[in-house]
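Peer 1: Sharing structure_31.tsv (TSV, C-alpha atoms (C1' of nucleotides)) below.
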chain	number	residue	atom	x	y	z
A	1	MET	CA	-36.10	-15.87	30.69
A	2	GLN	CA	-33.95	-18.90	31.40
A	3	ALA	CA	-33.80	-21.67	28.83
A	4	PRO	CA	-36.35	-24.31	29.83
A	5	ILE	CA	-35.09	-27.85	30.18
A	6	GLU	CA	-35.80	-30.42	27.50
A	7	SER	CA	-38.78	-32.03	29.19
A	8	SER	CA	-40.47	-28.65	29.54
A	9	ILE	CA	-39.88	-27.91	25.89
A	10	SER	CA	-41.84	-30.90	24.67
A	11	GLU	CA	-44.60	-30.13	27.14
A	12	LEU	CA	-44.63	-26.51	25.97
A	13	ALA	CA	-44.75	-27.58	22.34
A	14	ASP	CA	-47.63	-29.94	23.08
A	15	LEU	CA	-49.68	-27.10	24.51
A	16	PHE	CA	-49.01	-24.83	21.56
A	17	ARG	CA	-49.61	-27.59	19.06
A	18	LEU	CA	-53.03	-28.23	20.55
A	19	LEU	CA	-53.93	-24.56	20.20
A	20	GLY	CA	-52.53	-24.56	16.68
A	21	ASP	CA	-55.53	-26.20	15.05
A	22	THR	CA	-58.42	-23.90	14.14
A	23	THR	CA	-61.10	-26.38	15.16
A	24	ARG	CA	-59.52	-27.01	18.53
A	25	LEU	CA	-58.85	-23.33	19.02
A	26	ARG	CA	-62.51	-22.54	18.37
A	27	ILE	CA	-63.48	-25.14	20.93
A	28	VAL	CA	-61.18	-23.58	23.51
A	29	LEU	CA	-62.52	-20.12	22.76
A	30	ALA	CA	-66.08	-21.42	23.03
A	31	CYS	CA	-65.54	-22.44	26.64
A	32	LEU	CA	-63.26	-19.64	27.69
A	33	ASP	CA	-65.79	-17.53	29.57
A	34	THR	CA	-68.42	-19.95	30.77
A	35	PRO	CA	-68.63	-23.73	31.09
A	36	ILE	CA	-70.42	-25.28	28.13
A	37	ALA	CA	-71.61	-28.79	27.33
A	38	VAL	CA	-70.12	-30.87	24.52
A	39	ASN	CA	-73.29	-30.87	22.45
A	40	ASP	CA	-73.62	-27.09	22.81
A	41	ILE	CA	-70.07	-26.57	21.62
A	42	ALA	CA	-70.75	-28.83	18.65
A	43	SER	CA	-73.98	-27.15	17.62
A	44	THR	CA	-72.58	-23.67	18.17
A	45	LEU	CA	-69.55	-24.35	16.01
A	46	GLY	CA	-71.32	-26.61	13.52
A	47	LEU	CA	-69.21	-29.65	14.34
A	48	SER	CA	-70.06	-33.26	15.13
A	49	ASN	CA	-70.21	-34.33	18.76
A	50	SER	CA	-67.62	-36.97	18.01
A	51	LEU	CA	-65.11	-34.51	16.68
A	52	VAL	CA	-65.61	-32.14	19.58
A	53	SER	CA	-65.25	-34.95	22.06
A	54	HIS	CA	-62.04	-36.15	20.44
A	55	HIS	CA	-60.55	-32.69	20.67
A	56	LEU	CA	-61.77	-32.10	24.21
A	57	ARG	CA	-60.01	-35.26	25.27
A	58	LEU	CA	-56.70	-33.91	24.04
A	59	LEU	CA	-57.36	-30.47	25.50
A	60	ARG	CA	-58.29	-31.96	28.85
A	61	ALA	CA	-55.23	-34.21	28.90
A	62	ALA	CA	-53.07	-31.12	28.44
A	63	ARG	CA	-55.07	-29.28	31.13
A	64	ILE	CA	-56.08	-26.58	28.72
A	65	VAL	CA	-59.69	-27.21	29.65
A	66	LYS	CA	-61.31	-28.88	32.64
A	67	ALA	CA	-64.45	-31.01	32.75
A	68	ASP	CA	-67.39	-31.02	35.16
A	69	ARG	CA	-70.17	-33.54	34.81
A	70	HIS	CA	-73.73	-32.48	35.65
A	71	GLY	CA	-76.08	-35.35	35.03
A	72	LYS	CA	-75.76	-36.59	31.48
A	73	GLN	CA	-73.89	-33.52	30.36
A	74	VAL	CA	-70.22	-32.68	30.79
A	75	PHE	CA	-69.39	-29.02	30.95
A	76	TYR	CA	-66.01	-27.82	29.82
A	77	ALA	CA	-64.24	-24.61	30.76
A	78	ALA	CA	-60.79	-23.09	30.38
A	79	ALA	CA	-58.43	-24.68	32.90
A	80	ASP	CA	-56.98	-21.49	34.35
A	81	GLN	CA	-55.96	-17.89	33.82
A	82	HIS	CA	-52.75	-18.77	31.99
A	83	ILE	CA	-54.71	-20.13	29.06
A	84	SER	CA	-56.81	-17.01	28.65
A	85	GLY	CA	-53.70	-14.93	29.27
A	86	VAL	CA	-51.84	-16.62	26.47
A	87	LEU	CA	-54.75	-16.12	24.11
A	88	ALA	CA	-55.04	-12.48	25.08
A	89	ASP	CA	-51.32	-11.94	24.50
A	90	MET	CA	-51.45	-13.55	21.07
A	91	LEU	CA	-54.46	-11.48	20.09
A	92	GLU	CA	-52.54	-8.36	21.06
A	93	HIS	CA	-49.65	-9.59	18.97
A	94	ILE	CA	-51.94	-9.88	15.99
A	95	ALA	CA	-53.59	-6.53	16.61
A	96	GLU	CA	-50.26	-4.75	16.79
A	97	PRO	CA	-49.36	-2.72	13.70
A	98	HIS	CA	-46.63	-4.25	11.58
A	99	THR	CA	-43.64	-1.93	11.73
A	100	ASP	CA	-40.76	-2.69	9.39
A	101	ALA	CA	-38.12	-0.55	11.09
A	102	ASP	CA	-38.72	-1.82	14.60
B	103	MET	CA	-62.66	-11.93	26.36
B	104	GLN	CA	-64.78	-11.38	23.28
B	105	ALA	CA	-64.90	-14.08	20.66
B	106	PRO	CA	-62.35	-13.25	17.97
B	107	ILE	CA	-63.57	-13.10	14.42
B	108	GLU	CA	-62.86	-15.91	12.00
B	109	SER	CA	-59.87	-14.32	10.31
B	110	SER	CA	-58.20	-13.76	13.67
B	111	ILE	CA	-58.77	-17.37	14.62
B	112	SER	CA	-56.78	-18.74	11.70
B	113	GLU	CA	-54.03	-16.22	12.35
B	114	LEU	CA	-54.01	-17.18	16.02
B	115	ALA	CA	-53.88	-20.86	15.16
B	116	ASP	CA	-50.99	-20.24	12.78
B	117	LEU	CA	-48.96	-18.63	15.55
B	118	PHE	CA	-49.63	-21.44	17.98
B	119	ARG	CA	-48.99	-24.10	15.37
B	120	LEU	CA	-45.58	-22.61	14.67
B	121	LEU	CA	-44.70	-22.75	18.36
B	122	GLY	CA	-46.09	-26.27	18.54
B	123	ASP	CA	-43.06	-27.96	17.03
B	124	THR	CA	-40.20	-28.73	19.39
B	125	THR	CA	-37.49	-27.84	16.89
B	126	ARG	CA	-39.08	-24.53	16.05
B	127	LEU	CA	-39.78	-23.83	19.70
B	128	ARG	CA	-36.11	-24.41	20.55
B	129	ILE	CA	-35.15	-21.99	17.81
B	130	VAL	CA	-37.47	-19.35	19.21
B	131	LEU	CA	-36.16	-19.89	22.72
B	132	ALA	CA	-32.59	-19.67	21.43
B	133	CYS	CA	-33.15	-16.14	20.19
B	134	LEU	CA	-35.44	-14.93	22.92
B	135	ASP	CA	-32.95	-12.92	24.92
B	136	THR	CA	-30.31	-11.84	22.46
B	137	PRO	CA	-30.07	-11.72	18.66
B	138	ILE	CA	-28.25	-14.76	17.30
B	139	ALA	CA	-27.03	-15.75	13.83
B	140	VAL	CA	-28.48	-18.67	11.90
B	141	ASN	CA	-25.30	-20.72	12.05
B	142	ASP	CA	-25.00	-20.17	15.80
B	143	ILE	CA	-28.55	-21.34	16.35
B	144	ALA	CA	-27.84	-24.41	14.29
B	145	SER	CA	-24.61	-25.34	16.04
B	146	THR	CA	-26.03	-24.59	19.49
B	147	LEU	CA	-29.04	-26.81	18.91
B	148	GLY	CA	-27.24	-29.41	16.81
B	149	LEU	CA	-29.34	-28.77	13.71
B	150	SER	CA	-28.48	-28.19	10.06
B	151	ASN	CA	-28.35	-24.63	8.79
B	152	SER	CA	-30.90	-25.52	6.18
B	153	LEU	CA	-33.43	-26.74	8.69
B	154	VAL	CA	-32.96	-23.71	10.91
B	155	SER	CA	-33.32	-21.38	7.97
B	156	HIS	CA	-36.51	-23.09	6.84
B	157	HIS	CA	-38.03	-22.68	10.28
B	158	LEU	CA	-36.84	-19.12	10.66
B	159	ARG	CA	-38.58	-18.23	7.44
B	160	LEU	CA	-41.88	-19.41	8.84
B	161	LEU	CA	-41.26	-17.75	12.18
B	162	ARG	CA	-40.34	-14.49	10.52
B	163	ALA	CA	-43.39	-14.59	8.26
B	164	ALA	CA	-45.56	-14.89	11.35
B	165	ARG	CA	-43.61	-12.08	13.05
B	166	ILE	CA	-42.59	-14.36	15.89
B	167	VAL	CA	-38.97	-13.43	15.23
B	168	LYS	CA	-37.36	-10.53	13.40
B	169	ALA	CA	-34.22	-10.50	11.29
B	170	ASP	CA	-31.29	-8.09	11.15
B	171	ARG	CA	-28.48	-8.53	8.68
B	172	HIS	CA	-24.93	-7.62	9.70
B	173	GLY	CA	-22.57	-8.39	6.89
B	174	LYS	CA	-22.86	-12.00	5.85
B	175	GLN	CA	-24.74	-12.97	8.95
B	176	VAL	CA	-28.41	-12.51	9.76
B	177	PHE	CA	-29.27	-12.16	13.41
B	178	TYR	CA	-32.65	-13.26	14.64
B	179	ALA	CA	-34.46	-12.16	17.79
B	180	ALA	CA	-37.91	-12.46	19.29
B	181	ALA	CA	-40.26	-10.05	17.57
B	182	ASP	CA	-41.76	-8.43	20.66
B	183	GLN	CA	-42.79	-8.78	24.28
B	184	HIS	CA	-45.96	-10.66	23.47
B	185	ILE	CA	-43.99	-13.67	22.30
B	186	SER	CA	-41.92	-13.88	25.45
B	187	GLY	CA	-45.04	-13.16	27.46
B	188	VAL	CA	-46.87	-16.06	25.91
B	189	LEU	CA	-43.95	-18.38	26.58
B	190	ALA	CA	-43.69	-17.21	30.16
B	191	ASP	CA	-47.42	-17.77	30.71
B	192	MET	CA	-47.26	-21.27	29.30
B	193	LEU	CA	-44.25	-22.13	31.43
B	194	GLU	CA	-46.20	-21.00	34.49
B	195	HIS	CA	-49.07	-23.17	33.36
B	196	ILE	CA	-46.76	-26.16	33.25
B	197	ALA	CA	-45.14	-25.34	36.56
B	198	GLU	CA	-48.49	-25.07	38.30
B	199	PRO	CA	-49.37	-28.04	40.50
B	200	HIS	CA	-52.08	-30.27	39.06
B	201	THR	CA	-55.08	-30.00	41.35
B	202	ASP	CA	-57.96	-32.37	40.68
B	203	ALA	CA	-60.61	-30.53	42.69
B	204	ASP	CA	-59.92	-27.09	41.25
C	205	DC	C1'	-13.85	-10.77	-11.90
C	206	DT	C1'	-13.30	-15.61	-8.57
C	207	DA	C1'	-13.31	-17.82	-4.04
C	208	DA	C1'	-15.22	-18.43	0.37
C	209	DT	C1'	-18.70	-17.98	3.76
C	210	DA	C1'	-23.56	-17.39	5.38
C	211	DT	C1'	-28.12	-17.85	4.49
C	212	DA	C1'	-32.10	-19.12	1.71
C	213	DT	C1'	-34.98	-22.01	-1.23
C	214	DG	C1'	-37.26	-26.03	-4.00
C	215	DA	C1'	-38.52	-30.75	-4.32
C	216	DA	C1'	-39.36	-35.19	-2.44
C	217	DC	C1'	-40.04	-38.36	1.18
C	218	DA	C1'	-41.62	-40.10	5.70
C	219	DC	C1'	-44.41	-39.43	9.25
C	220	DA	C1'	-47.86	-37.24	12.10
C	221	DT	C1'	-52.57	-35.85	12.70
C	222	DG	C1'	-57.47	-34.13	11.95
C	223	DT	C1'	-61.67	-36.03	10.49
C	224	DT	C1'	-65.38	-39.42	9.76
C	225	DC	C1'	-68.06	-43.45	10.81
C	226	DA	C1'	-69.40	-47.03	13.72
C	227	DT	C1'	-69.71	-48.42	18.24
C	228	DA	C1'	-69.20	-48.27	23.25
C	229	DT	C1'	-69.99	-46.27	27.74
C	230	DA	C1'	-72.43	-43.34	31.14
C	231	DT	C1'	-76.54	-41.23	33.16
C	232	DT	C1'	-81.40	-40.48	33.85
C	233	DA	C1'	-86.41	-41.54	33.05
C	234	DG	C1'	-90.15	-44.94	33.12
D	235	DC	C1'	-84.87	-54.15	33.79
D	236	DT	C1'	-85.37	-51.10	28.72
D	237	DA	C1'	-85.31	-46.73	26.22
D	238	DA	C1'	-83.38	-42.38	25.38
D	239	DT	C1'	-79.89	-38.97	25.63
D	240	DA	C1'	-75.04	-37.33	26.15
D	241	DT	C1'	-70.47	-38.25	25.76
D	242	DA	C1'	-66.48	-41.07	24.66
D	243	DT	C1'	-63.57	-44.12	21.95
D	244	DG	C1'	-61.29	-47.13	18.12
D	245	DA	C1'	-59.97	-47.71	13.44
D	246	DA	C1'	-59.11	-46.10	8.90
D	247	DC	C1'	-58.44	-42.67	5.54
D	248	DA	C1'	-56.81	-38.28	3.59
D	249	DT	C1'	-54.15	-34.50	4.16
D	250	DG	C1'	-50.64	-31.67	6.12
D	251	DT	C1'	-45.95	-30.93	7.54
D	252	DG	C1'	-41.05	-31.48	9.31
D	253	DT	C1'	-36.85	-33.01	7.50
D	254	DT	C1'	-33.13	-33.91	4.20
D	255	DC	C1'	-30.45	-33.08	0.12
D	256	DA	C1'	-29.13	-30.37	-3.62
D	257	DT	C1'	-28.84	-25.94	-5.27
D	258	DA	C1'	-29.37	-20.92	-5.41
D	259	DT	C1'	-28.62	-16.31	-3.64
D	260	DA	C1'	-26.17	-12.78	-0.90
D	261	DT	C1'	-22.06	-10.64	1.09
D	262	DT	C1'	-17.21	-9.88	1.76
D	263	DA	C1'	-12.20	-10.72	0.70
D	264	DG	C1'	-8.47	-10.81	-2.69
How does this structure look as structure tokens?
Peer 2:
Amino acid sequence: MQAPIESSISELADLFRLLGDTTRLRIVLACLDTPIAVNDIASTLGLSNSLVSHHLRLLRAARIVKADRHGKQVFYAAADQHISGVLADMLEHIAEPHTDAD
Amino acid sequence: MQAPIESSISELADLFRLLGDTTRLRIVLACLDTPIAVNDIASTLGLSNSLVSHHLRLLRAARIVKADRHGKQVFYAAADQHISGVLADMLEHIAEPHTDAD
DNA sequence: CTAATATATGAACACATGTTCATATATTAG
DNA sequence: CTAATATATGAACATGTGTTCATATATTAG
């Protein structure tokens, strides 16, 4: 892999930083498979609507999730396959046995 | 993708959080392709040895990088393919054109 | 052993950031 | 229009964390 230029690095770091908070990560995981409304995310995860909305704003700005309004509700879903791919890769990384003499 | 259990979520978040800092991300990128010594990372990126070492400790604890000592020097490299895979996926995500009506 | 080099670590400070609460905006029903 | 519901936003606080500086440990040379 070639070394990304500086502007890409800060953008990269922003994406990872957003996924690096457990609350925000849970929110992303909650809308990975199927679009889900803000209130449903909040009640499912036991969080306030305000908190979820704050996080969704950041996640949407980074195009980690995308929003679709249907009436009063706004449904959020993972932005694309790269997001789920990254999460899948990291889960594999965790699942891998820890070898010392690799 | 199935919803990861709680313990995996905090481990996942830890990994992302570590990649979410530009300095640490540069360090990871610096040792992605070939093992590189601490001092070389520091001089290449214009950072102090102390700072690089601090970050490498965290990265190594999370198995994002691995260490190999050769004499006085310790060479660091990316831990496995998942790490480079995640970075590649995220770079694709950034490179993707931003469509509004996706 | 001592000296020199490379890396690691502990403490303290400055700054960033997640959360809460109050309030504002949007959408639909009547 | 008003009322009700769903989501969004602004400010303030508390906590976490990246960085620096000083110091400690490891390894090799002499």
Peer 1: Neighbouring residues of Leu131 of chain B were defined as those with any atom within 12 Å, considering all atoms listed in the file; residues of the same chain fewer than 3 positions away were excluded. Please report them as a compact mmCIF listing (two decimals) with C-alpha atoms, keeping the file's coordinate frame.
Peer 2:
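Printed below is result.txt as written:
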# COMPACT_ATOMS: atom_id res chain seq x y z
CA MET A 1 -36.10 -15.87 30.69
CA GLN A 2 -33.95 -18.90 31.40
CA ALA A 3 -33.80 -21.67 28.83
CA PRO A 4 -36.35 -24.31 29.83
CA ILE A 5 -35.09 -27.85 30.18
CA GLU A 6 -35.80 -30.42 27.50
CA SER A 8 -40.47 -28.65 29.54
CA ILE A 9 -39.88 -27.91 25.89
CA LEU A 12 -44.63 -26.51 25.97
CA ALA A 13 -44.75 -27.58 22.34
CA LEU B 121 -44.70 -22.75 18.36
CA THR B 124 -40.20 -28.73 19.39
CA THR B 125 -37.49 -27.84 16.89
CA ARG B 126 -39.08 -24.53 16.05
CA LEU B 127 -39.78 -23.83 19.70
CA ARG B 128 -36.11 -24.41 20.55
CA LEU B 134 -35.44 -14.93 22.92
CA ASP B 135 -32.95 -12.92 24.92
CA THR B 136 -30.31 -11.84 22.46
CA PRO B 137 -30.07 -11.72 18.66
CA ILE B 138 -28.25 -14.76 17.30
CA ILE B 143 -28.55 -21.34 16.35
CA THR B 146 -26.03 -24.59 19.49
CA LEU B 147 -29.04 -26.81 18.91
CA LEU B 161 -41.26 -17.75 12.18
CA ILE B 166 -42.59 -14.36 15.89
CA VAL B 167 -38.97 -13.43 15.23
CA TYR B 178 -32.65 -13.26 14.64
CA ALA B 179 -34.46 -12.16 17.79
CA ALA B 180 -37.91 -12.46 19.29
CA ALA B 181 -40.26 -10.05 17.57
CA ILE B 185 -43.99 -13.67 22.30
CA SER B 186 -41.92 -13.88 25.45
CA VAL B 188 -46.87 -16.06 25.91
CA LEU B 189 -43.95 -18.38 26.58
CA ALA B 190 -43.69 -17.21 30.16
Peer 1: Taking 2 positions as the minimum chain separation for residues in the same chain, which residues sit within 12 Å of DA218 of chain C when counting all atoms listed in the file? Answer as a ChimeraX atom specification.
Peer 2: /C:216,220 /D:251-254
Peer 1: Quick check: residues of chain D within 12 Å of chain A, only C-alpha atoms (C1' of nucleotides), returned as an mmCIF file with C-alpha atoms (C1' of nucleotides), keeping the file's coordinate frame.
Peer 2:
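Everything below was put into result.cif:
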data_model
loop_
_atom_site.group_PDB
_atom_site.id
_atom_site.type_symbol
_atom_site.label_atom_id
_atom_site.label_comp_id
_atom_site.auth_asym_id
_atom_site.auth_seq_id
_atom_site.Cartn_x
_atom_site.Cartn_y
_atom_site.Cartn_z
ATOM 1 C "C1'" DA D 238 -83.380 -42.380 25.380
ATOM 2 C "C1'" DT D 239 -79.890 -38.970 25.630
ATOM 3 C "C1'" DA D 240 -75.040 -37.330 26.150
ATOM 4 C "C1'" DT D 241 -70.470 -38.250 25.760
ATOM 5 C "C1'" DA D 242 -66.480 -41.070 24.660
ATOM 6 C "C1'" DT D 243 -63.570 -44.120 21.950
ATOM 7 C "C1'" DG D 244 -61.290 -47.130 18.120
ATOM 8 C "C1'" DG D 250 -50.640 -31.670 6.120
#
Peer 1: Between atom CA of Asp142 of chain B and atom CA of Arg17 of chain A, what is the distance in Å, rounded to a tenth?
Peer 2: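 It comes out at 25.9 Å.
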Peer 1: To one decimal in Å, tell me the separation between atom CA of Ala132 of chain B and atom CA of Ala144 of chain B.
Peer 2: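 A separation of 9.8 Å between them.
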Peer 1: What is the distance, in Å and to one decimal place, between atom C1' of DT211 of chain C and atom CA of Leu158 of chain B?
Peer 2: 10.8 Å
Peer 1: Return the neighbours of chain B among the residues of chain C, cut-off 9 Å, counting only C-alpha atoms (C1' of nucleotides), as a list in words.
Peer 2: DT209, DA210, DT211, DA212 and DT213 of chain C
Peer 1: Quick one: of A:Ser7, A:Arg69, A:Asp21, A:Ser43, who's nearest to chain B, counting only C-alpha atoms?
Peer 2: A:Asp21
Peer 1: For each of A:Leu51, A:Ile27, A:Leu58, A:Leu15, take the minimum atom-to-atom distance to chain B, counting only C-alpha atoms, then give the residue where this is smallest.
Peer 2: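 Residue with the minimum atom-to-atom distance to chain B: A:Leu15.
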